[in-house]
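With PDB, C-alpha atoms, pLDDT in the B column inside, this is model.pdb:
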```
ATOM      1  CA  ASP A 371       4.197 -24.394  -2.580  1.00 66.00           C
ATOM      2  CA  ALA A 372       4.805 -20.749  -3.298  1.00 70.00           C
ATOM      3  CA  LYS A 373       2.318 -19.175  -5.677  1.00 85.00           C
ATOM      4  CA  THR A 374       4.911 -16.861  -7.192  1.00 93.00           C
ATOM      5  CA  THR A 375       7.790 -17.196  -9.650  1.00 94.00           C
ATOM      6  CA  GLN A 376      10.800 -14.881  -9.644  1.00 96.00           C
ATOM      7  CA  PRO A 377      14.137 -14.878 -11.469  1.00 97.00           C
ATOM      8  CA  PRO A 378      16.866 -16.259  -9.210  1.00 96.00           C
ATOM      9  CA  SER A 379      19.186 -13.283  -9.602  1.00 97.00           C
ATOM     10  CA  MET A 380      19.532  -9.847 -11.181  1.00 97.00           C
ATOM     11  CA  ASP A 381      22.170  -7.147 -11.463  1.00 97.00           C
ATOM     12  CA  CYS A 382      21.595  -3.404 -11.429  1.00 97.00           C
ATOM     13  CA  ALA A 383      24.016  -0.503 -11.625  1.00 97.00           C
ATOM     14  CA  GLU A 384      24.121   1.818  -8.648  1.00 97.00           C
ATOM     15  CA  GLY A 385      21.934   4.880  -9.174  1.00 96.00           C
ATOM     16  CA  ARG A 386      19.758   3.199 -11.776  1.00 97.00           C
ATOM     17  CA  ALA A 387      16.248   1.874 -11.284  1.00 97.00           C
ATOM     18  CA  ALA A 388      16.019  -1.767 -10.307  1.00 98.00           C
ATOM     19  CA  ASN A 389      12.967  -3.531 -11.736  1.00 98.00           C
ATOM     20  CA  LEU A 390      12.205  -6.873 -10.139  1.00 98.00           C
ATOM     21  CA  PRO A 391       9.514  -8.993 -11.821  1.00 98.00           C
ATOM     22  CA  CYS A 392       7.180 -11.516 -10.233  1.00 97.00           C
ATOM     23  CA  ASN A 393       4.672 -13.877 -11.817  1.00 96.00           C
ATOM     24  CA  HIS A 394       1.582 -14.890  -9.862  1.00 94.00           C
ATOM     25  CA  SER A 395      -0.702 -16.262 -12.525  1.00 93.00           C
ATOM     26  CA  THR A 396      -2.933 -18.187 -10.069  1.00 91.00           C
ATOM     27  CA  ILE A 397      -3.622 -15.238  -7.782  1.00 91.00           C
ATOM     28  CA  SER A 398      -7.202 -15.090  -6.572  1.00 86.00           C
ATOM     29  CA  GLY A 399      -9.375 -12.016  -6.484  1.00 82.00           C
ATOM     30  CA  ASN A 400      -8.835 -11.094  -2.847  1.00 83.00           C
ATOM     31  CA  GLU A 401      -5.156 -11.942  -2.532  1.00 87.00           C
ATOM     32  CA  TYR A 402      -2.689  -9.133  -2.068  1.00 90.00           C
ATOM     33  CA  VAL A 403       0.824  -8.997  -3.506  1.00 93.00           C
ATOM     34  CA  TYR A 404       3.490  -8.343  -0.881  1.00 93.00           C
ATOM     35  CA  TRP A 405       7.193  -7.685  -1.295  1.00 96.00           C
ATOM     36  CA  TYR A 406       9.842  -8.278   1.335  1.00 96.00           C
ATOM     37  CA  ARG A 407      13.592  -8.150   1.235  1.00 97.00           C
ATOM     38  CA  GLN A 408      16.209  -9.935   3.269  1.00 96.00           C
ATOM     39  CA  ILE A 409      19.655  -8.547   3.762  1.00 94.00           C
ATOM     40  CA  HIS A 410      22.209 -11.198   4.591  1.00 87.00           C
ATOM     41  CA  SER A 411      21.644 -12.934   7.949  1.00 83.00           C
ATOM     42  CA  GLN A 412      18.788 -10.649   8.986  1.00 91.00           C
ATOM     43  CA  GLY A 413      15.049 -11.107   9.205  1.00 93.00           C
ATOM     44  CA  PRO A 414      13.011 -10.133   6.126  1.00 94.00           C
ATOM     45  CA  GLN A 415      11.836  -6.544   5.941  1.00 94.00           C
ATOM     46  CA  TYR A 416       8.482  -5.480   4.549  1.00 93.00           C
ATOM     47  CA  ILE A 417       8.702  -3.201   1.498  1.00 96.00           C
ATOM     48  CA  ILE A 418       5.284  -2.674  -0.036  1.00 95.00           C
ATOM     49  CA  HIS A 419       2.033  -4.390  -0.921  1.00 93.00           C
ATOM     50  CA  GLY A 420      -0.927  -3.887  -3.236  1.00 93.00           C
ATOM     51  CA  LEU A 421      -4.148  -5.389  -4.531  1.00 91.00           C
ATOM     52  CA  LYS A 422      -4.981  -3.893  -7.925  1.00 91.00           C
ATOM     53  CA  ASN A 423      -3.667  -0.368  -8.122  1.00 88.00           C
ATOM     54  CA  ASN A 424      -0.072   0.686  -8.389  1.00 94.00           C
ATOM     55  CA  GLU A 425       1.428   1.662  -5.066  1.00 96.00           C
ATOM     56  CA  THR A 426       4.330   3.860  -4.029  1.00 97.00           C
ATOM     57  CA  ASN A 427       6.003   4.510  -0.718  1.00 95.00           C
ATOM     58  CA  GLU A 428       9.314   5.901   0.440  1.00 95.00           C
ATOM     59  CA  MET A 429      11.118   2.669  -0.399  1.00 94.00           C
ATOM     60  CA  ALA A 430       9.703   1.504  -3.701  1.00 97.00           C
ATOM     61  CA  SER A 431       6.906   1.396  -6.250  1.00 98.00           C
ATOM     62  CA  LEU A 432       4.751  -1.602  -7.070  1.00 98.00           C
ATOM     63  CA  ILE A 433       3.255  -1.999 -10.508  1.00 98.00           C
ATOM     64  CA  ILE A 434       0.548  -4.670 -10.853  1.00 96.00           C
ATOM     65  CA  THR A 435      -0.690  -5.645 -14.303  1.00 96.00           C
ATOM     66  CA  GLU A 436      -4.345  -5.192 -15.091  1.00 95.00           C
ATOM     67  CA  ASP A 437      -4.986  -8.951 -15.070  1.00 94.00           C
ATOM     68  CA  ARG A 438      -3.050  -9.156 -11.778  1.00 95.00           C
ATOM     69  CA  LYS A 439      -1.023 -12.110 -13.015  1.00 95.00           C
ATOM     70  CA  SER A 440       2.285 -10.354 -12.599  1.00 96.00           C
ATOM     71  CA  SER A 441       3.868  -7.415 -10.841  1.00 97.00           C
ATOM     72  CA  THR A 442       7.088  -5.437 -10.781  1.00 98.00           C
ATOM     73  CA  LEU A 443       8.850  -3.939  -7.808  1.00 98.00           C
ATOM     74  CA  ILE A 444      10.764  -0.796  -8.693  1.00 98.00           C
ATOM     75  CA  LEU A 445      13.583   0.626  -6.606  1.00 97.00           C
ATOM     76  CA  PRO A 446      13.945   4.018  -8.294  1.00 96.00           C
ATOM     77  CA  HIS A 447      17.577   4.812  -7.462  1.00 95.00           C
ATOM     78  CA  ALA A 448      19.335   1.664  -6.335  1.00 96.00           C
ATOM     79  CA  THR A 449      22.180   1.936  -3.842  1.00 96.00           C
ATOM     80  CA  LEU A 450      24.658  -0.642  -2.608  1.00 96.00           C
ATOM     81  CA  ARG A 451      22.514  -1.037   0.508  1.00 95.00           C
ATOM     82  CA  ASP A 452      19.718  -2.422  -1.666  1.00 97.00           C
ATOM     83  CA  THR A 453      21.735  -5.573  -2.300  1.00 97.00           C
ATOM     84  CA  ALA A 454      19.480  -8.278  -0.846  1.00 97.00           C
ATOM     85  CA  VAL A 455      17.150 -11.154  -1.668  1.00 96.00           C
ATOM     86  CA  TYR A 456      13.718  -9.875  -2.661  1.00 98.00           C
ATOM     87  CA  TYR A 457      10.650 -12.022  -2.079  1.00 96.00           C
ATOM     88  CA  CYS A 458       7.284 -11.623  -3.776  1.00 96.00           C
ATOM     89  CA  ILE A 459       4.355 -13.232  -1.915  1.00 92.00           C
ATOM     90  CA  VAL A 460       0.632 -13.457  -2.503  1.00 89.00           C
ATOM     91  CA  ARG A 461      -1.480 -13.601   0.573  1.00 83.00           C
ATOM     92  CA  LEU A 462      -5.004 -13.232   1.862  1.00 72.00           C
ATOM     93  CA  SER A 463      -4.777 -12.346   5.505  1.00 63.00           C
ATOM     94  CA  LEU A 464      -8.516 -12.819   5.966  1.00 59.00           C
ATOM     95  CA  ASN A 465      -8.000 -16.485   5.288  1.00 62.00           C
ATOM     96  CA  ARG A 466      -8.139 -18.534   8.469  1.00 62.00           C
ATOM     97  CA  ASP A 467      -5.367 -20.657   7.002  1.00 69.00           C
ATOM     98  CA  ASP A 468      -3.092 -17.700   6.190  1.00 73.00           C
ATOM     99  CA  LYS A 469       0.316 -19.348   5.970  1.00 78.00           C
ATOM    100  CA  ILE A 470       2.561 -16.748   4.270  1.00 83.00           C
ATOM    101  CA  ILE A 471       4.542 -19.000   1.952  1.00 85.00           C
ATOM    102  CA  PHE A 472       7.848 -17.738   0.601  1.00 88.00           C
ATOM    103  CA  GLY A 473       9.440 -18.747  -2.674  1.00 87.00           C
ATOM    104  CA  LYS A 474      13.165 -18.590  -3.359  1.00 88.00           C
ATOM    105  CA  GLY A 475      13.186 -14.894  -4.210  1.00 94.00           C
ATOM    106  CA  THR A 476      15.465 -12.846  -6.443  1.00 97.00           C
ATOM    107  CA  ARG A 477      19.004 -12.094  -5.342  1.00 96.00           C
ATOM    108  CA  LEU A 478      19.632  -8.488  -6.411  1.00 98.00           C
ATOM    109  CA  HIS A 479      23.229  -7.370  -6.840  1.00 97.00           C
ATOM    110  CA  ILE A 480      23.814  -3.634  -7.019  1.00 97.00           C
ATOM    111  CA  LEU A 481      26.998  -2.956  -8.945  1.00 95.00           C
ATOM    112  CA  PRO A 482      29.144   0.088  -8.091  1.00 92.00           C
TER     113      PRO A 482
ATOM    114  CA  ASP B 648       9.378   0.196  21.050  1.00 60.00           C
ATOM    115  CA  GLY B 649       7.013  -2.400  19.644  1.00 68.00           C
ATOM    116  CA  GLY B 650       8.521  -5.322  17.868  1.00 92.00           C
ATOM    117  CA  ILE B 651       9.296  -8.991  17.693  1.00 95.00           C
ATOM    118  CA  THR B 652      12.257 -10.414  19.560  1.00 95.00           C
ATOM    119  CA  GLN B 653      14.058 -13.681  19.073  1.00 96.00           C
ATOM    120  CA  SER B 654      16.610 -14.979  21.500  1.00 91.00           C
ATOM    121  CA  PRO B 655      19.333 -15.953  21.579  1.00 91.00           C
ATOM    122  CA  LYS B 656      20.920 -14.779  18.337  1.00 93.00           C
ATOM    123  CA  TYR B 657      23.350 -17.708  18.274  1.00 94.00           C
ATOM    124  CA  LEU B 658      22.769 -21.094  19.884  1.00 94.00           C
ATOM    125  CA  PHE B 659      24.961 -24.155  20.060  1.00 94.00           C
ATOM    126  CA  ARG B 660      23.758 -27.566  21.131  1.00 91.00           C
ATOM    127  CA  LYS B 661      25.017 -31.096  21.177  1.00 91.00           C
ATOM    128  CA  GLU B 662      23.448 -33.634  18.905  1.00 90.00           C
ATOM    129  CA  GLY B 663      20.549 -35.459  20.559  1.00 89.00           C
ATOM    130  CA  GLN B 664      19.525 -32.581  22.823  1.00 92.00           C
ATOM    131  CA  ASN B 665      16.245 -30.753  22.541  1.00 94.00           C
ATOM    132  CA  VAL B 666      16.515 -26.980  22.322  1.00 95.00           C
ATOM    133  CA  THR B 667      13.882 -24.252  22.593  1.00 96.00           C
ATOM    134  CA  LEU B 668      14.028 -21.017  20.625  1.00 96.00           C
ATOM    135  CA  SER B 669      12.226 -18.003  22.028  1.00 97.00           C
ATOM    136  CA  CYS B 670       9.969 -15.636  20.088  1.00 97.00           C
ATOM    137  CA  GLU B 671       8.152 -12.762  21.804  1.00 97.00           C
ATOM    138  CA  GLN B 672       6.124  -9.918  20.295  1.00 97.00           C
ATOM    139  CA  ASN B 673       4.505  -6.870  21.866  1.00 95.00           C
ATOM    140  CA  LEU B 674       2.593  -5.840  18.755  1.00 93.00           C
ATOM    141  CA  ASN B 675      -0.661  -7.409  19.933  1.00 92.00           C
ATOM    142  CA  HIS B 676      -0.621  -9.627  16.845  1.00 91.00           C
ATOM    143  CA  ASP B 677      -2.776 -12.717  16.783  1.00 90.00           C
ATOM    144  CA  ALA B 678      -0.818 -14.671  14.195  1.00 91.00           C
ATOM    145  CA  MET B 679       2.723 -15.957  14.634  1.00 94.00           C
ATOM    146  CA  TYR B 680       4.964 -18.050  12.388  1.00 94.00           C
ATOM    147  CA  TRP B 681       8.202 -20.007  12.480  1.00 97.00           C
ATOM    148  CA  TYR B 682      10.438 -20.439   9.450  1.00 96.00           C
ATOM    149  CA  ARG B 683      13.642 -22.268   8.771  1.00 96.00           C
ATOM    150  CA  GLN B 684      16.248 -20.994   6.323  1.00 95.00           C
ATOM    151  CA  ASP B 685      19.204 -22.969   5.025  1.00 94.00           C
ATOM    152  CA  PRO B 686      22.200 -21.334   3.281  1.00 88.00           C
ATOM    153  CA  GLY B 687      21.242 -19.824  -0.064  1.00 84.00           C
ATOM    154  CA  GLN B 688      17.630 -20.942   0.286  1.00 87.00           C
ATOM    155  CA  GLY B 689      14.304 -19.267   0.871  1.00 89.00           C
ATOM    156  CA  LEU B 690      12.195 -19.474   4.028  1.00 92.00           C
ATOM    157  CA  ARG B 691      10.302 -22.681   4.721  1.00 94.00           C
ATOM    158  CA  LEU B 692       7.320 -22.669   7.061  1.00 93.00           C
ATOM    159  CA  ILE B 693       7.600 -24.919  10.126  1.00 96.00           C
ATOM    160  CA  TYR B 694       4.548 -24.027  12.231  1.00 96.00           C
ATOM    161  CA  TYR B 695       2.073 -21.209  12.447  1.00 93.00           C
ATOM    162  CA  SER B 696      -0.540 -20.069  14.915  1.00 93.00           C
ATOM    163  CA  GLN B 697      -3.528 -17.850  14.223  1.00 89.00           C
ATOM    164  CA  ILE B 698      -4.804 -17.625  17.793  1.00 90.00           C
ATOM    165  CA  VAL B 699      -3.802 -18.573  21.322  1.00 93.00           C
ATOM    166  CA  ASN B 700      -3.910 -22.296  22.096  1.00 95.00           C
ATOM    167  CA  ASP B 701      -4.103 -23.205  18.438  1.00 93.00           C
ATOM    168  CA  PHE B 702      -1.395 -23.928  15.870  1.00 94.00           C
ATOM    169  CA  GLN B 703      -0.964 -25.768  12.581  1.00 93.00           C
ATOM    170  CA  LYS B 704       1.866 -27.597  10.896  1.00 94.00           C
ATOM    171  CA  GLY B 705       3.628 -25.913   8.035  1.00 93.00           C
ATOM    172  CA  ASP B 706       5.553 -27.612   5.256  1.00 92.00           C
ATOM    173  CA  ILE B 707       8.418 -29.006   7.382  1.00 95.00           C
ATOM    174  CA  ALA B 708       7.006 -29.626  10.876  1.00 96.00           C
ATOM    175  CA  GLU B 709       8.630 -33.017  11.478  1.00 96.00           C
ATOM    176  CA  GLY B 710      11.090 -32.908  14.367  1.00 96.00           C
ATOM    177  CA  TYR B 711       9.722 -29.616  15.720  1.00 97.00           C
ATOM    178  CA  SER B 712       7.106 -28.693  18.305  1.00 97.00           C
ATOM    179  CA  VAL B 713       5.504 -25.419  19.373  1.00 98.00           C
ATOM    180  CA  SER B 714       3.145 -24.028  21.967  1.00 97.00           C
ATOM    181  CA  ARG B 715       0.989 -20.923  22.043  1.00 97.00           C
ATOM    182  CA  GLU B 716      -0.125 -20.450  25.623  1.00 97.00           C
ATOM    183  CA  LYS B 717       0.123 -16.657  25.462  1.00 96.00           C
ATOM    184  CA  LYS B 718      -0.639 -14.268  22.649  1.00 96.00           C
ATOM    185  CA  GLU B 719       2.778 -12.660  22.784  1.00 97.00           C
ATOM    186  CA  SER B 720       4.864 -15.839  22.862  1.00 97.00           C
ATOM    187  CA  PHE B 721       5.406 -18.673  20.367  1.00 98.00           C
ATOM    188  CA  PRO B 722       8.401 -20.821  21.386  1.00 98.00           C
ATOM    189  CA  LEU B 723       9.802 -23.427  19.017  1.00 97.00           C
ATOM    190  CA  THR B 724      11.397 -26.634  20.269  1.00 97.00           C
ATOM    191  CA  VAL B 725      13.838 -28.396  17.996  1.00 96.00           C
ATOM    192  CA  THR B 726      13.729 -31.999  19.106  1.00 94.00           C
ATOM    193  CA  SER B 727      16.291 -34.745  18.745  1.00 90.00           C
ATOM    194  CA  ALA B 728      14.054 -36.212  16.037  1.00 88.00           C
ATOM    195  CA  GLN B 729      14.963 -33.371  13.681  1.00 90.00           C
ATOM    196  CA  LYS B 730      17.617 -34.958  11.475  1.00 89.00           C
ATOM    197  CA  ASN B 731      19.369 -31.793  10.324  1.00 92.00           C
ATOM    198  CA  PRO B 732      18.626 -29.020  12.834  1.00 94.00           C
ATOM    199  CA  THR B 733      21.514 -26.675  12.021  1.00 96.00           C
ATOM    200  CA  ALA B 734      19.876 -23.676  10.325  1.00 96.00           C
ATOM    201  CA  PHE B 735      18.765 -20.069  10.652  1.00 97.00           C
ATOM    202  CA  TYR B 736      15.357 -19.835  12.343  1.00 97.00           C
ATOM    203  CA  LEU B 737      13.045 -16.872  11.846  1.00 97.00           C
ATOM    204  CA  CYS B 738       9.891 -15.940  13.718  1.00 97.00           C
ATOM    205  CA  ALA B 739       7.230 -13.581  12.398  1.00 94.00           C
ATOM    206  CA  SER B 740       3.944 -12.102  13.549  1.00 93.00           C
ATOM    207  CA  SER B 741       1.021 -10.479  11.830  1.00 90.00           C
ATOM    208  CA  ILE B 742      -2.417  -9.047  12.456  1.00 85.00           C
ATOM    209  CA  ARG B 743      -5.039 -11.658  11.718  1.00 75.00           C
ATOM    210  CA  GLY B 744      -8.266 -10.958   9.964  1.00 63.00           C
ATOM    211  CA  GLY B 745      -7.354  -7.714   8.273  1.00 62.00           C
ATOM    212  CA  LEU B 746      -7.657  -7.156   4.575  1.00 58.00           C
ATOM    213  CA  ASP B 747      -4.043  -6.232   4.152  1.00 58.00           C
ATOM    214  CA  THR B 748      -1.267  -6.345   6.641  1.00 74.00           C
ATOM    215  CA  GLU B 749       2.405  -7.002   6.595  1.00 83.00           C
ATOM    216  CA  ALA B 750       4.262  -9.554   8.698  1.00 88.00           C
ATOM    217  CA  PHE B 751       6.997  -8.425  11.036  1.00 91.00           C
ATOM    218  CA  PHE B 752      10.080 -10.586  11.446  1.00 94.00           C
ATOM    219  CA  GLY B 753      12.545 -11.078  14.241  1.00 95.00           C
ATOM    220  CA  GLN B 754      16.262 -10.986  13.600  1.00 94.00           C
ATOM    221  CA  GLY B 755      16.575 -14.743  13.753  1.00 96.00           C
ATOM    222  CA  THR B 756      18.369 -17.400  15.772  1.00 96.00           C
ATOM    223  CA  ARG B 757      21.243 -19.267  14.204  1.00 96.00           C
ATOM    224  CA  LEU B 758      21.273 -22.775  15.632  1.00 96.00           C
ATOM    225  CA  THR B 759      24.330 -24.961  15.299  1.00 95.00           C
ATOM    226  CA  VAL B 760      24.212 -28.566  16.420  1.00 92.00           C
ATOM    227  CA  VAL B 761      27.541 -30.275  16.911  1.00 88.00           C
TER     228      VAL B 761
END
```

Could you take the file, read its structure, and then write that structure out as structure tokens?
Amino acid sequence: DAKTTQPPSMDCAEGRAANLPCNHSTISGNEYVYWYRQIHSQGPQYIIHGLKNNETNEMASLIITEDRKSSTLILPHATLRDTAVYYCIVRLSLNRDDKIIFGKGTRLHILP
Amino acid sequence: DGGITQSPKYLFRKEGQNVTLSCEQNLNHDAMYWYRQDPGQGLRLIYYSQIVNDFQKGDIAEGYSVSREKKESFPLTVTSAQKNPTAFYLCASSIRGGLDTEAFFGQGTRLTVV
């Protein structure tokens, strides 16, 4: 079973920031939080990941709460091309049984 | 360019036939994964392999088989025992043993069984 919980869908106006929440209350100390997105009929694309600190790259920002039980992916200026399903995953790649389990994700609709 | 390649993109087979989906990567990744995706659903793990000549069942392995004879290749066979094989199949690879590393995905194979 996936170790994360996400809302099934969200809307965001084009040009505004899209904030996608994820709960991972059972995350263990060494597990990282990863975000991927999947545009229709394509393979998932890596966005960002983090352990404890907030992270930012050219695509997005990741805010992880201090207790690490939840996180938020922020797309600062959403465009129509950001319409996709966004998956939040927790994973420890050092684990010999590293399975990368996906949940159902959040379907993000960017509204013109 | 380095990457992960799935072929073919679309595949049609008659019911009762086995079919093998190809997945090749030139990223020198140790770990490889196969997922199945049904319309409007998330990805479900079929099989995964952390090293050559070793693989483990995922959550929905029944009716599927894999091999990992080479590091760069992880073919998936959909057997006639799979009751509902029509789906979108995705392959992924990842570095194994690192503290943090993303998985790279192929563009998928859409299998239709008629």

message: I'd like to see the residues matched by the PyMOL selection byres ((chain B) within 12 of (chain A)) on this file, and ideally I'd get them as a VMD selection string.
response: chain B and resid 651 to 653 656 to 657 677 to 698 701 to 707 734 to 757

query: What is the distance between atom CA of A:Ser440 and atom CA of A:Cys392, in Å to one decimal?
result: 5.6 Å

task: Using the chain letters and residue numbers of this document, give as a VMD selection string the residues selected by the PyMOL selection byres ((chain B and resi 760) around 8).
output: chain B and resid 659 to 662 732 to 733 758 to 759 761

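Put simply, the PyMOL selection byres ((chain A and resi 375) around 6) in this file takes in Thr374, Gln376, Cys392 and Asn393 of chain A.
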
- request: Using atom CA of A:Ile434 and atom CA of A:Lys422 as the two end points, give the distance in Å to one decimal.
  value: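 Rounded to one decimal, the two atoms are 6.3 Å apart.
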
- prompt: Can you tell me, as a list in words, what residues are no more than 9 Å from stretch 384-388 of chain A when counting all atoms listed in the file, ignoring any on the same chain fewer than 5 positions away?
  reply: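 Once the adjacent positions are removed, what remains is Leu443, Ile444, Leu445, Pro446, His447, Ala448, Thr449, Leu450, Leu478, Ile480, Leu481 and Pro482 of chain A.
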
field: Exercise: B:Gln729 partners within 10 Å, only C-alpha atoms, chain neighbours under 3 positions left out, as a count of residues only
entry: 11

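Between atom CA of A:Val460 and atom CA of A:Ile397 there is a distance of 7.0 Å.
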